[in-house]
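Data block below; observations after.
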Amino acid sequence: MSISSSNKTPVFDARHFRDALSQFATGVTIITTRLEDDSFLGLTASSFNSVSLNPPLVLWSLAQTANSLPVFTGNSHYVINILAADQAELANRFARPSKNRFAGVDFTLSPTGLPILSGVAAWFECHNRSRYPEGDHVIFVGEVESCDVSPQEPLVFHGGRFMASKLL
C-alpha cells in the first residue's frame with residue numbers, strides 16, 4: 001500500500017496484497033455439516049485458527065458470496081477436519097463445485113452426526129457459537145464440543161499451492 005502525495009488517499013493493489021498473503025503458510029481444512037435433506041456439505045478452507053482454550057474456541061472464515069453461507073450460518077454444528085499431508089486430492093475435491101463431493105470419500109460420523117473424514121490429522125466438532133461479517137467474509141467462531149487427533153505431517157497451503165511441510 002502506498003500513499004499518494006497529492007491527496008493522501010491510499011492506493012491499494014489487491015493482487016499485490018494477495019501475493020503477500022500467499023507467503024503465509026497455512027494448514028488446510030475441510031469444514032463439514034449437514035443439509036436439511038440429510039445430505040452432507042463440505043468445503044476446503046485455509047482460514048482456521050485457535051481463539052481460546054477456556055472456553056475451547058476456534059475460528060474460520062467463509063466468503064460472503066459463497067453459496068454455502070446460509071447453510072453454515074443457520075446450522076447449529078460443523079466439523080473442522082485438519083488435513084494430513086497425503087490429502088491434497090481431497091482438498092482439491094472439496095474446493096471445486098460438485099454435486100456430491102462425498103461420493104467415494106471415507107468418513108465416520110461425529111457425535112451430532114456430521115462427517116469426520118478418514119485419515120485427517122485432527123478434527124473438531126463445533127457448536128456454531130457466533131458469526132461476524134467483516135469485509136468480504138464472515139468469521140465463524142465455533143465452541144469445540146469434541147475433538148480427536150492422529151499426529152502426522154500436515155497438508156500446507158503456501159504460494160498458491162498445496163505442499164507437505166518438512167517437520168524438523
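FYI, nothing fancy with the C-alpha cells labels: chains A, B, ... in order, residues from 1 per chain, ligands from 1 as they appear.
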Could you go through chain A and tell me which residues DSSP, when run on the backbone, assigns to strand (DSSP E or B), listing them as an MDAnalysis selection string? chainID A and resid 2:3 10:11 26:27 29:34 40:45 48:52 57:63 77:82 84 107:109 115:117 122:134 137:149 154:158 161:164
What are the closest atom pairs, with distances in Å to one decimal, for each residue of range 64-161 of chain A lying within 10 Å of range 31-54 of chain A, using only C-alpha atoms, rows by chain and rising residue number, as CSV?
residue,atom,partner,partner_atom,distance
A:Ser68,CA,A:Leu41,CA,8.1
A:Val71,CA,A:Leu35,CA,7.1
A:Phe72,CA,A:Thr33,CA,7.5
A:Asn75,CA,A:Thr33,CA,7.7
A:Ser76,CA,A:Thr33,CA,9.2
A:His77,CA,A:Thr33,CA,6.8
A:Tyr78,CA,A:Thr33,CA,4.8
A:Val79,CA,A:Thr32,CA,5.2
A:Ile80,CA,A:Ile31,CA,4.6
A:Asn81,CA,A:Ile31,CA,6.1
A:Ile82,CA,A:Ile31,CA,8.8
A:Leu83,CA,A:Thr44,CA,9.7
A:Leu90,CA,A:Thr44,CA,8.8
A:Ala91,CA,A:Thr44,CA,5.8
A:Asn92,CA,A:Thr44,CA,7.6
A:Arg93,CA,A:Thr44,CA,8.4
A:Phe94,CA,A:Leu43,CA,4.9
A:Ala95,CA,A:Thr44,CA,5.0
A:Arg96,CA,A:Leu43,CA,8.4
A:Pro97,CA,A:Leu43,CA,9.4
A:Lys99,CA,A:Leu41,CA,9.9
A:Asn100,CA,A:Leu41,CA,8.3
A:Arg101,CA,A:Gly42,CA,7.3
A:Phe102,CA,A:Phe40,CA,7.5
A:Thr112,CA,A:Thr33,CA,9.8
A:Gly113,CA,A:Arg34,CA,8.2
A:Leu114,CA,A:Thr33,CA,5.6
A:Pro115,CA,A:Thr32,CA,6.1
A:Ile116,CA,A:Thr32,CA,7.7
A:Leu117,CA,A:Thr32,CA,8.9
A:Trp123,CA,A:Ile31,CA,9.5
A:Phe124,CA,A:Ile31,CA,9.5
A:Glu125,CA,A:Thr32,CA,9.4
A:Ile139,CA,A:Ser47,CA,9.2
A:Phe140,CA,A:Phe48,CA,9.6
A:Val141,CA,A:Val51,CA,8.2
A:Gly142,CA,A:Val51,CA,9.2
A:Glu143,CA,A:Ser52,CA,9.2
A:Val144,CA,A:Leu53,CA,9.6
A:Val156,CA,A:Ser46,CA,8.7
A:Phe157,CA,A:Ser46,CA,7.3
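Taking only C-alpha atoms into account, Pro154 in chain A lies nearest to A:Ala84 out of the set A:Ala84, A:Gln64, A:Ser130, A:Ala122.
Proximity of A:Val120, A:His127, A:Pro55, A:Asp148 to Ala88 in chain A, computed with only C-alpha atoms, is greatest for A:Val120.
Rounded to one decimal, CA of Val105 in chain A and CA of Gln87 in chain A lie 11.4 Å from each other.
Of the residues under consideration (A:Ala20, A:Ala14, A:Ile30, A:Val58), A:Val58 shows the shortest atom-to-atom contact distance to Arg131 in chain A when counting only C-alpha atoms.
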